[in-house]
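Asker: Please read through the structure below; I'll follow up with questions.
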Amino acid sequence: MVMSNYSEFLQGDKVRAKTPPGINQAIDIETAAIVRFYAGKTDYEISKKIEELDNEWDIGRIVEVRAATVSLIGVILGLTKSKKWLILPTIASTFLLQYAIQGWCPPISLLRRFGFRTSQEINLERYALKTLRGDFDEILSKEHGHEHKHEHEHKHEHEHRHHGHQGHHGHEHGV
């Protein structure tokens, strides 16, 4: 099954909601290409890629680190050079607050154009790769096995009643 629309899996992603569709589509195409590429790879290779994803910084973390860095630089320059530099932590804090509330701030557009992904986008790729690796096969086989076992028991019970009923009639006819 090839998915071309991830919207149902990425609902509630505020960054995606405020990102132009073309940028989201480019990120989705790249993710789909990576998953297709790993479909023919070994479990070891897939596991290495999943480790990379575990270490990938999502856009929220990048926004937080950049805001903290700009703030620290602004405070240091404001204390050592000129108070005018205190505008930097003010701007960074404003952007960080806007990001926390709205899921968007002006630097997000630039970061998205460079392909930085949200945690939900990273998780989508991670779970697709885990599915390829077979991480969920046991769960599916248990569910299928349970249904199969239930169907088998029901069929056996039906046969037992059917044979018991014939035996009863056979006994009556034999007497």
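In the structure tokens, chains take letters A, B, ... by order of appearance, with residues numbered from 1 within each chain and ligands from 1 in the order shown.
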Report as an NGL selection string: the residues of range 9-112 of chain A with a DSSP assignment of alpha helix (DSSP H), based on the backbone of this structure.

Answerer: :A and (14-18 or 21-38 or 43-55 or 59-80 or 87-102 or 106-112)

Asker: Determine, counting only C-alpha atoms, which protein, DNA and RNA residues have an atom within 9 Å of an atom of Ser47 in chain A; residues of the same chain fewer than 5 positions away are not included. Present the result as a ChimeraX atom specification.

Answerer: /A:42,52,129-130,133

Asker: At a cut-off of 12 Å, using only C-alpha atoms, what residues contact Ala68 in chain A? Leave out same-chain residues fewer than 4 positions from it and give the result as a PDB file with C-alpha atoms, in the first residue's frame.

Answerer:
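So selection.pdb came out as:
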ATOM      1  CA  ARG A  61      13.580  21.596  19.188  1.00  0.00           C
ATOM      2  CA  ILE A  62      15.370  23.655  16.556  1.00  0.00           C
ATOM      3  CA  VAL A  63      13.149  26.684  17.255  1.00  0.00           C
ATOM      4  CA  GLU A  64      13.800  26.347  20.992  1.00  0.00           C
ATOM      5  CA  LEU A  72      21.927  34.412  25.280  1.00  0.00           C
ATOM      6  CA  ILE A  73      23.899  36.302  22.654  1.00  0.00           C
ATOM      7  CA  GLY A  74      21.590  39.303  23.033  1.00  0.00           C
ATOM      8  CA  VAL A  75      21.882  39.301  26.840  1.00  0.00           C
ATOM      9  CA  LEU A  88      17.495  40.130  20.382  1.00  0.00           C
ATOM     10  CA  PRO A  89      16.197  38.254  23.438  1.00  0.00           C
ATOM     11  CA  THR A  90      12.960  40.241  23.190  1.00  0.00           C
ATOM     12  CA  ILE A  91      12.436  39.159  19.571  1.00  0.00           C
ATOM     13  CA  ALA A  92      13.496  35.563  20.278  1.00  0.00           C
ATOM     14  CA  SER A  93      11.161  35.319  23.270  1.00  0.00           C
ATOM     15  CA  THR A  94       8.289  36.760  21.237  1.00  0.00           C
ATOM     16  CA  PHE A  95       8.846  34.216  18.455  1.00  0.00           C
ATOM     17  CA  LEU A  96       9.119  31.377  20.964  1.00  0.00           C
TER      18      LEU A  96
END

Asker: Would you please work out which residue, of A:Val65, A:Leu132, A:Cys105, A:Ala33, is nearest to Thr19 in chain A when using only C-alpha atoms?

Answerer: A:Cys105

Asker: Which residues are close to Asn123 in chain A, i.e. within 10 Å by only C-alpha atoms, leaving aside same-chain residues fewer than 5 positions away? Reply as a list in words.

Answerer: Phe9, Leu10, Ile50, Leu53, Asp54, Arg117, Thr118, Ala128 and Leu129 of chain A

Asker: In Å, with one decimal, what is the gap from CA of Lys14 in chain A to CA of Glu56 in chain A?

Answerer: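 So the two atoms, CA of Lys14 in chain A and CA of Glu56 in chain A, lie 19.2 Å apart.
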
Asker: Any idea what the distance is between CA of Arg112 in chain A and CA of Ser71 in chain A?

Answerer: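 Separation between CA of Arg112 in chain A and CA of Ser71 in chain A: 21.9 Å.
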
Asker: Record the distance separating CA of Ile76 in chain A and CA of Pro107 in chain A, expressed in Å with one decimal.

Answerer: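 Between these atoms lies a distance of 22.3 Å.
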
Asker: Could you check which of A:Gly103, A:Asp28, A:Ile122, A:Ile23 is closest to Glu51 in chain A, using only C-alpha atoms?

Answerer: A:Ile122
